[in-house]
>>> print(open('entry.cif').read())   # mmCIF, C-alpha atoms
data_input
#
loop_
_atom_site.label_atom_id
_atom_site.label_comp_id
_atom_site.auth_asym_id
_atom_site.auth_seq_id
_atom_site.Cartn_x
_atom_site.Cartn_y
_atom_site.Cartn_z
CA MET A 69 24.38 -7.01 6.52
CA ASP A 70 25.46 -10.10 4.63
CA TYR A 71 24.54 -10.94 1.08
CA GLY A 72 21.95 -13.47 2.22
CA ILE A 73 19.90 -10.86 4.03
CA ALA A 74 20.36 -8.38 1.18
CA GLY A 75 19.20 -11.06 -1.25
CA THR A 76 16.07 -11.95 0.71
CA ALA A 77 15.23 -8.25 1.12
CA LEU A 78 15.51 -7.65 -2.62
CA ALA A 79 13.72 -10.89 -3.54
CA THR A 80 10.77 -10.51 -1.18
CA GLY A 81 10.45 -6.82 -2.10
CA LEU A 82 10.51 -7.76 -5.77
CA LEU A 83 7.73 -10.32 -5.35
CA PHE A 84 5.74 -7.79 -3.30
CA GLY A 85 5.99 -5.12 -6.02
CA PHE A 86 5.33 -7.64 -8.78
CA VAL A 87 2.07 -8.84 -7.21
CA LEU A 88 0.87 -5.33 -6.31
CA GLU A 89 1.36 -4.18 -9.90
CA GLN A 90 -0.44 -7.25 -11.26
CA ALA A 91 -3.37 -6.37 -8.98
CA GLY A 92 -3.46 -2.91 -10.59
CA PHE A 93 -2.21 -1.16 -7.45
CA GLY A 94 0.18 1.10 -9.35
CA SER A 95 -2.86 3.10 -10.43
CA PRO A 96 -3.95 5.88 -8.07
CA CYS A 97 -7.29 5.84 -9.87
CA LYS A 98 -7.95 2.18 -9.09
CA LEU A 99 -6.63 2.53 -5.53
CA THR A 100 -8.81 5.51 -4.63
CA ALA A 101 -11.85 3.92 -6.29
CA GLN A 102 -11.99 1.73 -3.16
CA PHE A 103 -12.77 4.83 -1.11
CA ARG A 104 -15.46 5.83 -3.61
CA LEU A 105 -16.78 2.26 -3.19
CA THR A 106 -16.82 1.71 -6.96
CA ASP A 107 -13.90 -0.76 -7.24
CA TRP A 108 -13.35 -3.11 -4.31
CA SER A 109 -10.01 -4.53 -5.41
CA VAL A 110 -8.08 -2.99 -2.50
CA PHE A 111 -10.38 -4.53 0.10
CA LYS A 112 -10.47 -7.90 -1.69
CA VAL A 113 -6.71 -8.18 -2.21
CA MET A 114 -5.75 -6.90 1.25
CA PHE A 115 -8.26 -9.00 3.16
CA THR A 116 -7.48 -12.16 1.22
CA ALA A 117 -3.74 -11.61 1.70
CA ILE A 118 -4.10 -10.94 5.43
CA ILE A 119 -6.21 -14.07 5.94
CA VAL A 120 -3.85 -16.31 3.92
CA ALA A 121 -0.80 -14.99 5.79
CA ALA A 122 -2.57 -15.16 9.18
CA ILE A 123 -3.54 -18.81 8.64
CA GLY A 124 0.01 -19.60 7.51
CA ILE A 125 1.53 -17.89 10.54
CA LEU A 126 -0.85 -19.69 12.93
CA LEU A 127 -0.05 -23.06 11.32
CA LEU A 128 3.67 -22.39 11.65
CA GLN A 129 3.13 -21.60 15.32
CA VAL A 130 1.03 -24.73 15.87
CA ASN A 131 3.93 -26.80 14.64
CA ASN A 132 6.15 -24.68 16.88
CA THR A 133 8.40 -23.80 13.97
CA PHE A 134 9.43 -20.58 15.66
CA GLY A 135 9.27 -21.71 19.27
CA SER A 136 6.51 -20.61 21.61
CA GLN A 137 7.34 -16.93 21.07
CA GLY A 138 6.29 -16.77 17.44
CA PHE A 139 6.99 -13.65 15.45
CA TYR A 140 7.66 -10.29 17.03
CA VAL A 141 4.46 -8.27 17.32
CA ALA A 142 5.05 -4.58 18.02
CA GLU A 143 3.27 -2.94 20.94
CA THR A 144 0.30 -0.74 20.16
CA TYR A 145 0.26 2.91 21.15
CA LEU A 146 -3.37 3.64 20.45
CA TRP A 147 -3.23 7.38 19.65
CA GLY A 148 -0.18 7.11 17.43
CA THR A 149 -1.74 4.26 15.48
CA VAL A 150 -5.12 6.01 15.15
CA THR A 151 -3.73 9.43 14.11
CA GLY A 152 -1.14 7.80 11.84
CA GLY A 153 -3.79 5.64 10.18
CA MET A 154 -5.99 8.71 9.75
CA LEU A 155 -3.22 10.75 8.11
CA ILE A 156 -2.26 7.87 5.79
CA GLY A 157 -5.95 7.43 4.87
CA ALA A 158 -6.22 11.17 4.12
CA GLY A 159 -2.93 11.16 2.21
CA PHE A 160 -4.17 8.18 0.20
CA ALA A 161 -7.46 9.90 -0.75
CA ILE A 162 -5.66 13.16 -1.64
CA GLY A 163 -2.44 11.90 -3.21
CA GLY A 164 -3.73 8.62 -4.65
CA TYR A 165 -1.18 6.32 -3.03
CA CYS A 166 0.07 4.88 0.21
CA PRO A 167 3.84 4.56 0.74
CA GLY A 168 4.23 1.08 -0.81
CA THR A 169 1.91 1.68 -3.75
CA SER A 170 3.66 4.96 -4.65
CA VAL A 171 6.77 2.86 -5.31
CA VAL A 172 4.64 0.55 -7.49
CA GLY A 173 3.19 3.61 -9.24
CA LEU A 174 6.66 4.86 -10.09
CA GLY A 175 7.65 1.37 -11.22
CA SER A 176 4.82 1.42 -13.74
CA GLY A 177 5.94 4.80 -15.08
CA ARG A 178 3.90 7.24 -13.01
CA VAL A 179 5.73 10.47 -12.26
CA ASP A 180 3.13 11.39 -9.63
CA GLY A 181 4.30 8.31 -7.67
CA LEU A 182 7.77 9.84 -7.47
CA VAL A 183 6.32 13.17 -6.32
CA PHE A 184 4.29 11.35 -3.64
CA MET A 185 7.56 9.73 -2.46
CA LEU A 186 9.19 13.18 -2.32
CA GLY A 187 6.23 14.39 -0.24
CA MET A 188 6.76 11.48 2.16
CA VAL A 189 10.41 12.42 2.71
CA ILE A 190 9.33 16.00 3.48
CA GLY A 191 6.58 14.70 5.77
CA ILE A 192 9.03 12.50 7.68
CA GLY A 193 11.45 15.44 7.97
CA THR A 194 8.61 17.55 9.36
CA PHE A 195 7.76 14.79 11.84
CA ALA A 196 11.39 14.62 12.97
CA SER A 197 11.48 18.38 13.53
CA VAL A 198 8.46 18.27 15.86
CA TYR A 199 9.23 14.86 17.42
CA ASP A 200 10.30 16.45 20.72
CA THR A 201 7.09 18.37 21.25
CA SER A 202 4.78 17.19 24.00
CA LEU A 203 1.93 16.63 21.54
CA ILE A 204 3.87 14.16 19.37
CA GLN A 205 5.41 12.50 22.42
CA SER A 206 2.00 11.98 23.99
CA LEU A 207 0.74 10.49 20.71
CA VAL A 208 3.62 8.06 20.15
CA THR A 209 4.05 6.95 23.75
CA GLY A 210 0.56 7.39 25.17
CA ALA A 211 -2.29 4.90 25.59
CA ARG A 212 -0.22 1.75 25.32
CA VAL A 213 -2.47 -1.27 24.84
CA SER A 214 -1.74 -4.03 27.38
CA ALA A 215 -2.03 -6.86 24.85
CA ARG A 216 -0.11 -7.12 21.60
CA THR A 217 -2.61 -9.23 19.68
CA VAL A 218 -6.38 -9.17 19.42
CA PRO A 219 -6.87 -12.79 20.61
CA GLU A 220 -4.71 -11.93 23.64
CA LEU A 221 -6.73 -8.76 24.27
CA LEU A 222 -10.08 -10.52 24.05
CA GLY A 223 -8.92 -13.77 25.64
CA VAL A 224 -10.13 -15.90 22.73
CA SER A 225 -8.56 -18.38 20.33
CA PRO A 226 -6.73 -16.79 17.38
CA TRP A 227 -8.70 -19.11 15.10
CA LEU A 228 -11.91 -17.41 16.24
CA ILE A 229 -10.49 -14.08 15.07
CA VAL A 230 -9.48 -15.64 11.73
CA ALA A 231 -12.99 -17.07 11.37
CA ALA A 232 -14.46 -13.60 12.06
CA MET A 233 -12.11 -12.13 9.44
CA ILE A 234 -13.20 -14.74 6.89
CA LEU A 235 -16.85 -13.85 7.54
CA THR A 236 -16.00 -10.13 7.18
CA ALA A 237 -14.20 -10.87 3.92
CA ILE A 238 -17.16 -12.84 2.54
CA ALA A 239 -19.51 -9.98 3.49
CA GLY A 240 -17.11 -7.46 1.90
CA PHE A 241 -16.79 -9.49 -1.32
CA ALA A 242 -20.61 -9.70 -1.55
CA LEU A 243 -21.14 -6.00 -0.80
CA GLY A 244 -18.36 -5.08 -3.22
CA ARG A 245 -19.97 -7.15 -5.95
CA VAL A 246 -23.27 -5.31 -5.54
CA LEU A 247 -21.70 -1.84 -5.46
CA GLU A 248 -19.32 -2.57 -8.34
CA ARG A 249 -22.32 -3.58 -10.47
CA ARG A 250 -24.15 -0.40 -9.54
CA SER A 251 -21.22 1.73 -10.68
CA HIS A 252 -19.07 1.51 -13.79
CA GLY A 253 -17.43 -1.68 -12.60
CA VAL A 254 -13.79 -2.27 -11.81
CA TYR A 255 -10.92 -0.57 -13.59
CA SER A 256 -9.43 -2.86 -16.23
CA ALA A 257 -5.78 -3.03 -17.26
CA GLU A 258 -6.58 -0.89 -20.32
CA ASP A 259 -8.41 1.71 -18.22
CA ILE A 260 -5.50 2.25 -15.86
CA THR A 261 -2.85 2.15 -18.59
CA GLU A 262 -4.56 4.56 -20.96
CA GLY A 263 -5.96 6.69 -18.14
CA ARG A 264 -9.54 6.33 -19.28
CA ASP A 265 -12.27 7.97 -17.25
CA VAL A 266 -14.63 5.10 -16.70
CA GLU A 267 -16.56 7.04 -14.08
CA ARG A 268 -17.82 9.76 -16.38
CA PHE A 269 -21.05 7.83 -16.85
CA ASP A 270 -21.44 6.50 -13.36
CA ALA A 271 -24.27 8.73 -12.19
CA PRO A 272 -27.35 6.72 -11.12
CA GLY A 273 -29.73 6.07 -14.01
CA HIS A 274 -27.04 6.59 -16.63
CA ASP A 275 -26.72 2.96 -17.59
CA LEU A 276 -27.15 3.78 -21.23
CA GLY A 277 -24.40 6.37 -21.05
CA ARG A 278 -22.18 3.90 -19.33
CA ASP A 279 -22.79 1.24 -21.96
CA LEU A 280 -22.07 3.73 -24.72
CA GLY A 281 -18.88 4.68 -22.92
CA ARG A 282 -17.88 1.05 -22.74
CA GLU A 283 -18.62 0.55 -26.41
CA ALA A 284 -16.62 3.61 -27.34
CA ALA A 285 -13.76 2.36 -25.20
CA THR A 286 -13.90 -1.05 -26.88
CA ALA A 287 -13.98 0.57 -30.30
CA ARG A 288 -10.97 2.71 -29.48
CA ARG A 289 -9.18 -0.36 -28.26
CA GLN A 290 -9.84 -2.17 -31.53
CA ASP A 291 -8.83 0.86 -33.58
CA ALA A 292 -5.53 1.13 -31.77
CA PRO A 293 -2.60 0.12 -33.99
CA MET B 430 12.27 -19.70 -16.11
CA LEU B 431 8.57 -19.36 -16.79
CA PHE B 432 8.83 -15.96 -15.16
CA PHE B 433 11.42 -14.66 -17.65
CA GLN B 434 9.51 -16.21 -20.51
CA GLU B 435 6.50 -14.17 -19.42
CA VAL B 436 8.57 -11.01 -19.21
CA PHE B 437 9.82 -11.46 -22.77
CA GLN B 438 6.46 -12.36 -24.22
CA GLY B 439 5.04 -9.23 -22.66
CA MET B 440 7.46 -7.04 -24.61
CA SER B 441 4.95 -7.16 -27.43
CA CYS B 442 3.05 -4.04 -26.27
CA GLN B 443 -0.29 -5.78 -25.75
CA VAL B 444 -1.97 -4.76 -22.49
CA ARG B 445 -2.62 -7.84 -20.40
CA PRO B 446 -5.49 -8.14 -17.95
CA LEU B 447 -4.91 -7.59 -14.25
CA TRP B 448 -4.91 -10.56 -11.93
CA PRO B 449 -8.35 -11.16 -10.38
CA PRO B 450 -8.36 -9.65 -6.86
CA PHE B 451 -8.91 -13.01 -5.12
CA ILE B 452 -5.94 -14.57 -6.93
CA ALA B 453 -3.74 -11.51 -6.35
CA GLY B 454 -4.76 -11.60 -2.68
CA ILE B 455 -3.79 -15.26 -2.28
CA VAL B 456 -0.41 -14.70 -3.97
CA LEU B 457 0.21 -11.53 -1.93
CA GLY B 458 -0.61 -13.48 1.25
CA LEU B 459 1.88 -16.20 0.28
CA VAL B 460 4.55 -13.57 -0.48
CA LEU B 461 3.89 -12.01 2.92
CA LEU B 462 4.13 -15.42 4.57
CA LEU B 463 7.40 -16.12 2.74
CA THR B 464 8.73 -12.77 4.00
CA PHE B 465 7.84 -13.76 7.58
CA ILE B 466 9.58 -17.12 7.17
CA LEU B 467 12.73 -15.77 5.49
CA VAL B 468 13.14 -12.48 7.35
CA GLY B 469 11.26 -13.02 10.62
CA ASN B 470 8.97 -10.04 10.14
CA GLY B 471 6.55 -8.78 7.55
CA MET B 472 6.94 -6.37 4.66
CA GLY B 473 7.29 -2.65 5.22
CA SER B 474 7.54 0.37 2.94
CA SER B 475 7.52 3.64 4.84
CA GLY B 476 10.60 2.74 6.90
CA ALA B 477 12.68 3.04 3.72
CA PHE B 478 11.59 6.65 3.35
CA ALA B 479 12.57 7.38 6.94
CA ARG B 480 16.08 6.20 5.98
CA VAL B 481 16.01 8.34 2.85
CA ALA B 482 14.84 11.36 4.90
CA THR B 483 17.74 10.74 7.29
CA GLU B 484 20.18 10.61 4.38
CA VAL B 485 18.78 13.83 2.91
CA GLY B 486 19.06 15.41 6.36
CA LEU B 487 22.70 14.33 6.63
CA GLN B 488 23.45 16.04 3.32
CA VAL B 489 21.55 19.25 4.06
CA ALA B 490 22.11 19.70 7.80
CA PRO B 491 24.42 16.98 9.17
CA GLU B 492 24.71 18.37 12.72
CA ALA B 493 21.00 18.91 13.24
CA THR B 494 20.20 15.48 11.78
CA ARG B 495 22.67 13.64 14.04
CA GLU B 496 21.30 15.48 17.06
CA ASN B 497 17.70 14.99 16.10
CA ALA B 498 15.92 12.71 18.55
CA TYR B 499 14.09 10.88 15.78
CA LEU B 500 16.54 10.72 12.88
CA GLY B 501 19.73 10.53 14.97
CA GLY B 502 19.39 6.81 15.58
CA MET B 503 19.18 6.11 11.86
CA ALA B 504 22.09 8.40 10.96
CA GLN B 505 24.70 5.66 11.14
CA GLY B 506 25.70 3.35 8.36
CA ASN B 507 24.96 3.14 4.71
CA PRO B 508 21.21 3.39 4.07
CA LEU B 509 21.54 0.79 1.34
CA ALA B 510 22.58 -1.65 4.05
CA ALA B 511 19.18 -1.30 5.67
CA TRP B 512 16.89 -4.24 4.99
CA ILE B 513 13.88 -2.02 4.51
CA VAL B 514 15.56 0.15 1.85
CA LEU B 515 16.56 -2.90 -0.19
CA ALA B 516 13.02 -4.24 0.10
CA ALA B 517 11.70 -0.95 -1.34
CA VAL B 518 14.25 -1.16 -4.17
CA GLY B 519 12.99 -4.70 -4.77
CA THR B 520 9.37 -3.46 -4.78
CA PHE B 521 10.32 -0.90 -7.43
CA ILE B 522 12.07 -3.53 -9.61
CA GLY B 523 9.15 -5.94 -9.17
CA ALA B 524 6.67 -3.29 -10.30
CA ILE B 525 8.80 -2.48 -13.35
CA LEU B 526 9.02 -6.17 -14.32
CA ALA B 527 5.28 -6.68 -13.86
CA SER B 528 4.22 -3.54 -15.75
CA ILE B 529 6.63 -4.05 -18.67
CA SER B 530 5.86 -7.75 -18.99
CA SER B 531 2.15 -7.02 -19.15
CA GLY B 532 2.32 -4.00 -21.45
CA ARG B 533 1.17 -1.65 -18.70
CA PHE B 534 4.34 0.42 -18.36
CA LYS B 535 3.72 3.97 -19.50
CA VAL B 536 5.54 7.13 -18.42
CA LYS B 537 2.92 9.69 -17.45
CA VAL B 538 1.44 11.89 -14.77
CA ASP B 539 -1.66 9.94 -13.74
CA ARG B 540 -4.40 12.56 -13.45
CA GLY B 541 -7.18 10.07 -12.81
CA SER B 542 -10.29 11.23 -14.57
CA GLY B 543 -8.33 14.04 -16.19
CA ARG B 544 -10.38 16.85 -14.69
CA ILE B 545 -7.32 18.47 -13.15
CA GLY B 546 -4.12 19.76 -14.68
CA VAL B 547 -0.66 18.27 -14.32
CA GLY B 548 0.42 20.94 -11.81
CA THR B 549 -2.58 20.38 -9.57
CA ARG B 550 -2.11 16.63 -9.73
CA LEU B 551 1.53 16.86 -8.70
CA ALA B 552 0.68 19.29 -5.89
CA LEU B 553 -1.93 16.83 -4.59
CA ALA B 554 0.56 13.97 -4.83
CA LEU B 555 3.11 16.01 -2.88
CA GLY B 556 0.55 16.99 -0.23
CA GLY B 557 -0.80 13.47 0.07
CA GLY B 558 2.73 12.12 0.40
CA LEU B 559 3.49 14.66 3.10
CA LEU B 560 0.49 13.57 5.17
CA ALA B 561 1.27 9.88 4.60
CA GLY B 562 4.94 10.37 5.51
CA PHE B 563 4.08 12.19 8.73
CA GLY B 564 1.36 9.65 9.55
CA SER B 565 3.63 6.69 8.89
CA ARG B 566 5.95 7.86 11.67
CA LEU B 567 3.08 8.35 14.12
CA ALA B 568 1.80 4.83 13.43
CA ALA B 569 5.36 3.38 13.20
CA GLY B 570 4.48 1.94 9.80
CA CYS B 571 2.09 2.22 6.90
CA THR B 572 -0.44 0.13 5.02
CA SER B 573 2.24 -2.54 4.39
CA GLY B 574 4.01 -2.69 7.74
CA VAL B 575 1.03 -2.16 10.04
CA GLY B 576 -2.07 -2.68 7.87
CA LEU B 577 -0.90 -5.90 6.21
CA SER B 578 1.95 -7.35 8.26
CA ASN B 579 0.81 -6.52 11.80
CA THR B 580 -2.78 -7.53 11.02
CA ALA B 581 -1.53 -10.86 9.61
CA MET B 582 -0.11 -11.52 13.11
CA LEU B 583 -3.53 -10.48 14.47
CA GLY B 584 -1.85 -7.49 16.15
CA VAL B 585 -4.02 -4.87 17.83
CA ALA B 586 -2.22 -2.06 15.95
CA GLY B 587 -3.06 -3.55 12.55
CA PHE B 588 -6.80 -3.68 13.13
CA VAL B 589 -6.88 -0.20 14.71
CA PHE B 590 -4.82 1.17 11.81
CA LEU B 591 -7.05 -0.34 9.13
CA ILE B 592 -10.23 1.04 10.71
CA ALA B 593 -8.76 4.58 11.04
CA PHE B 594 -7.29 4.35 7.52
CA PHE B 595 -10.54 3.28 5.84
CA VAL B 596 -12.87 5.60 7.77
CA VAL B 597 -10.80 8.74 7.09
CA GLY B 598 -10.06 7.64 3.52
CA LEU B 599 -13.80 7.31 2.85
CA LEU B 600 -14.54 10.72 4.40
CA VAL B 601 -11.75 12.61 2.63
CA SER B 602 -12.66 10.85 -0.61
CA LEU B 603 -16.09 12.54 -0.44
CA PHE B 604 -14.27 15.83 -1.08
CA MET B 605 -11.85 14.34 -3.61
CA ARG B 606 -14.45 12.88 -5.97
CA ARG B 607 -13.97 15.78 -8.39
CA VAL B 608 -10.34 14.83 -8.78
CA TRP B 609 -10.26 11.05 -8.97
#
>>> encode(input="entry.cif", output="structure tokens")
Amino acid sequence: MDYGIAGTALATGLLFGFVLEQAGFGSPCKLTAQFRLTDWSVFKVMFTAIIVAAIGILLLQVNNTFGSQGFYVAETYLWGTVTGGMLIGAGFAIGGYCPGTSVVGLGSGRVDGLVFMLGMVIGIGTFASVYDTSLIQSLVTGARVSARTVPELLGVSPWLIVAAMILTAIAGFALGRVLERRSHGVYSAEDITEGRDVERFDAPGHDLGRDLGREAATARRQDAP
Amino acid sequence: MLFFQEVFQGMSCQVRPLWPPFIAGIVLGLVLLLTFILVGNGMGSSGAFARVATEVGLQVAPEATRENAYLGGMAQGNPLAAWIVLAAVGTFIGAILASISSGRFKVKVDRGSGRIGVGTRLALALGGGLLAGFGSRLAAGCTSGVGLSNTAMLGVAGFVFLIAFFVVGLLVSLFMRRVW
């Protein structure tokens, strides 16, 4: 590997980690709040990013910047993708991170991020030790999807898929807004840094409690040296 | 230059607000797009840990690792020469720069709502990591490589992954509410 490739790897990784931390994604509390439907930042950031990148990639392909082939899209093995996605979803809800965000967690000083990373290495070692079994083989090589992309699979224009994703995003932003208002609201920078429990007052009908909690938090903030 | 100026200004301990999700999403999308343009594929994270696992295997049980059908292929060469490992190192540095510059860097065990002890929290992190590590090899990627990057190319795998990820995350989270 030459220095150019090493440089782009480091630089793009650095930007990736920088943005994820600025979004608050080093905090397992904020990340898992998406699954409790109280803080929709994960959905909002991910969906916006996917749509921006998808539009960019399509525009690059329109201008034929990368030839008619475009970027390499990996084949889909349905069962491997489904079971893998399920395990990562479960690991996220239990451990508070996904692989990339655990690195961001460690980068913002969280020791539990490092332990999550250690768990991943053990998990990958476990996978390697059972890779030869017929169960794993049938998962990773079975049910190959004939098309690589969704527009190809459905026989529609990729722009139609992007339009559907934009509509989904708008619906998600609106739903998130409603549910965030019903709960304690999103985790702020102070909340995730100081490890404040903003959900202690989030039971329905406890608006007063929540407001008092907010006031107390504000007071503590002002008292801080 | 503005970037470094921000980093230095942030040294003054004050906790800065997070970026609004929409803004962070747009910037993340542009970073992802830049990665596609410069590298030819999207960003990944879990692949780096597969290289680390291989390296650990080579130290602990070199023969078994080289003969292993899964790790054997990765057992050659310096892991630091792998693109994906350097990208993860970059992610780590980027997170440090962002958290320090915004006064959010704090060494701690993040116990969420604080209803569990440090030991329990670390055990959950280890267990969650184990599941995510195993799952990342089944799906040939994680939230970054499949969920973000493959979906940005409108790949079938990306959409399937995201649905499975969110559905199971929501369900398991019903049992984890006491913790987080």
>>> closest_residue(input="entry.cif", among="A:Ala79, A:Val218, A:Ala242, A:Leu88", to="Thr464 in chain B", atoms="all atoms listed in the file")
A:Ala79
>>> residues_near_point(input="entry.cif", point="(-4.9, -22.0, 6.3)", cutoff="12 Å", atoms="all atoms listed in the file", output="number ranges by chain")
A: 116-128, 130, 227, 230-231, 234; B: 455, 458-459, 462
>>> closest_residue(input="entry.cif", among="B:Leu467, B:Ile522, B:Met605, B:Leu591", to="Asn579 in chain B", atoms="only C-alpha atoms")
B:Leu591
>>> resolve_selection(input="entry.cif", expression="the PyMOL selection byres ((chain B and resi 470-476) around 9)", output="PyMOL selection string")
(chain A and resi 80-81+84+139-141+166-169+171+188) or (chain B and resi 461-469+477-481+513-514+516-517+520+561-562+565-566+569-575+577-579+581)
>>> write_last_selection(input="entry.cif", atoms="C-alpha atoms", output="PDB file, in the frame of the given file")
ATOM      1  CA  THR A  80      10.770 -10.510  -1.180  1.00  0.00           C
ATOM      2  CA  GLY A  81      10.450  -6.820  -2.100  1.00  0.00           C
ATOM      3  CA  PHE A  84       5.740  -7.790  -3.300  1.00  0.00           C
ATOM      4  CA  PHE A 139       6.990 -13.650  15.450  1.00  0.00           C
ATOM      5  CA  TYR A 140       7.660 -10.290  17.030  1.00  0.00           C
ATOM      6  CA  VAL A 141       4.460  -8.270  17.320  1.00  0.00           C
ATOM      7  CA  CYS A 166       0.070   4.880   0.210  1.00  0.00           C
ATOM      8  CA  PRO A 167       3.840   4.560   0.740  1.00  0.00           C
ATOM      9  CA  GLY A 168       4.230   1.080  -0.810  1.00  0.00           C
ATOM     10  CA  THR A 169       1.910   1.680  -3.750  1.00  0.00           C
ATOM     11  CA  VAL A 171       6.770   2.860  -5.310  1.00  0.00           C
ATOM     12  CA  MET A 188       6.760  11.480   2.160  1.00  0.00           C
TER      13      MET A 188
ATOM     14  CA  LEU B 461       3.890 -12.010   2.920  1.00  0.00           C
ATOM     15  CA  LEU B 462       4.130 -15.420   4.570  1.00  0.00           C
ATOM     16  CA  LEU B 463       7.400 -16.120   2.740  1.00  0.00           C
ATOM     17  CA  THR B 464       8.730 -12.770   4.000  1.00  0.00           C
ATOM     18  CA  PHE B 465       7.840 -13.760   7.580  1.00  0.00           C
ATOM     19  CA  ILE B 466       9.580 -17.120   7.170  1.00  0.00           C
ATOM     20  CA  LEU B 467      12.730 -15.770   5.490  1.00  0.00           C
ATOM     21  CA  VAL B 468      13.140 -12.480   7.350  1.00  0.00           C
ATOM     22  CA  GLY B 469      11.260 -13.020  10.620  1.00  0.00           C
ATOM     23  CA  ALA B 477      12.680   3.040   3.720  1.00  0.00           C
ATOM     24  CA  PHE B 478      11.590   6.650   3.350  1.00  0.00           C
ATOM     25  CA  ALA B 479      12.570   7.380   6.940  1.00  0.00           C
ATOM     26  CA  ARG B 480      16.080   6.200   5.980  1.00  0.00           C
ATOM     27  CA  VAL B 481      16.010   8.340   2.850  1.00  0.00           C
ATOM     28  CA  ILE B 513      13.880  -2.020   4.510  1.00  0.00           C
ATOM     29  CA  VAL B 514      15.560   0.150   1.850  1.00  0.00           C
ATOM     30  CA  ALA B 516      13.020  -4.240   0.100  1.00  0.00           C
ATOM     31  CA  ALA B 517      11.700  -0.950  -1.340  1.00  0.00           C
ATOM     32  CA  THR B 520       9.370  -3.460  -4.780  1.00  0.00           C
ATOM     33  CA  ALA B 561       1.270   9.880   4.600  1.00  0.00           C
ATOM     34  CA  GLY B 562       4.940  10.370   5.510  1.00  0.00           C
ATOM     35  CA  SER B 565       3.630   6.690   8.890  1.00  0.00           C
ATOM     36  CA  ARG B 566       5.950   7.860  11.670  1.00  0.00           C
ATOM     37  CA  ALA B 569       5.360   3.380  13.200  1.00  0.00           C
ATOM     38  CA  GLY B 570       4.480   1.940   9.800  1.00  0.00           C
ATOM     39  CA  CYS B 571       2.090   2.220   6.900  1.00  0.00           C
ATOM     40  CA  THR B 572      -0.440   0.130   5.020  1.00  0.00           C
ATOM     41  CA  SER B 573       2.240  -2.540   4.390  1.00  0.00           C
ATOM     42  CA  GLY B 574       4.010  -2.690   7.740  1.00  0.00           C
ATOM     43  CA  VAL B 575       1.030  -2.160  10.040  1.00  0.00           C
ATOM     44  CA  LEU B 577      -0.900  -5.900   6.210  1.00  0.00           C
ATOM     45  CA  SER B 578       1.950  -7.350   8.260  1.00  0.00           C
ATOM     46  CA  ASN B 579       0.810  -6.520  11.800  1.00  0.00           C
ATOM     47  CA  ALA B 581      -1.530 -10.860   9.610  1.00  0.00           C
TER      48      ALA B 581
END
>>> closest_residue(input="entry.cif", among="A:Gly138, A:Gly173, A:Met233, A:Gln129", to="Ser528 in chain B", atoms="only C-alpha atoms")
A:Gly173
>>> atom_distance(input="entry.cif", atom1="CA of Cys97 in chain A", atom2="CA of Leu235 in chain A")
28.0 Å
>>> atom_distance(input="entry.cif", atom1="CA of Leu515 in chain B", atom2="CA of Asp70 in chain A")
12.4 Å
>>> atom_distance(input="entry.cif", atom1="CA of Thr549 in chain B", atom2="CA of Gly263 in chain A")
16.5 Å
>>> build_atoms(input="entry.cif", residues="range 183-193 of chain A", atoms="N, CA and C atoms", output="PDB file, in the frame of the given file")
ATOM      1  N   VAL A 183       6.613  11.932  -7.056  1.00  0.00           N
ATOM      2  CA  VAL A 183       6.320  13.170  -6.320  1.00  0.00           C
ATOM      3  C   VAL A 183       5.714  12.832  -4.951  1.00  0.00           C
ATOM      4  N   PHE A 184       4.855  11.804  -4.917  1.00  0.00           N
ATOM      5  CA  PHE A 184       4.290  11.350  -3.640  1.00  0.00           C
ATOM      6  C   PHE A 184       5.422  10.919  -2.698  1.00  0.00           C
ATOM      7  N   MET A 185       6.414  10.189  -3.259  1.00  0.00           N
ATOM      8  CA  MET A 185       7.560   9.730  -2.460  1.00  0.00           C
ATOM      9  C   MET A 185       8.348  10.927  -1.909  1.00  0.00           C
ATOM     10  N   LEU A 186       8.515  11.950  -2.752  1.00  0.00           N
ATOM     11  CA  LEU A 186       9.190  13.180  -2.320  1.00  0.00           C
ATOM     12  C   LEU A 186       8.416  13.814  -1.163  1.00  0.00           C
ATOM     13  N   GLY A 187       7.081  13.854  -1.306  1.00  0.00           N
ATOM     14  CA  GLY A 187       6.230  14.390  -0.240  1.00  0.00           C
ATOM     15  C   GLY A 187       6.422  13.629   1.066  1.00  0.00           C
ATOM     16  N   MET A 188       6.569  12.294   0.952  1.00  0.00           N
ATOM     17  CA  MET A 188       6.760  11.480   2.160  1.00  0.00           C
ATOM     18  C   MET A 188       8.049  11.855   2.878  1.00  0.00           C
ATOM     19  N   VAL A 189       9.125  12.050   2.100  1.00  0.00           N
ATOM     20  CA  VAL A 189      10.410  12.420   2.710  1.00  0.00           C
ATOM     21  C   VAL A 189      10.268  13.749   3.439  1.00  0.00           C
ATOM     22  N   ILE A 190       9.565  14.708   2.826  1.00  0.00           N
ATOM     23  CA  ILE A 190       9.330  16.000   3.480  1.00  0.00           C
ATOM     24  C   ILE A 190       8.477  15.806   4.740  1.00  0.00           C
ATOM     25  N   GLY A 191       7.448  14.963   4.630  1.00  0.00           N
ATOM     26  CA  GLY A 191       6.580  14.700   5.770  1.00  0.00           C
ATOM     27  C   GLY A 191       7.327  14.071   6.937  1.00  0.00           C
ATOM     28  N   ILE A 192       8.236  13.156   6.625  1.00  0.00           N
ATOM     29  CA  ILE A 192       9.030  12.500   7.680  1.00  0.00           C
ATOM     30  C   ILE A 192      10.000  13.509   8.302  1.00  0.00           C
ATOM     31  N   GLY A 193      10.576  14.381   7.457  1.00  0.00           N
ATOM     32  CA  GLY A 193      11.450  15.440   7.970  1.00  0.00           C
ATOM     33  C   GLY A 193      10.687  16.371   8.906  1.00  0.00           C
TER      34      GLY A 193
END
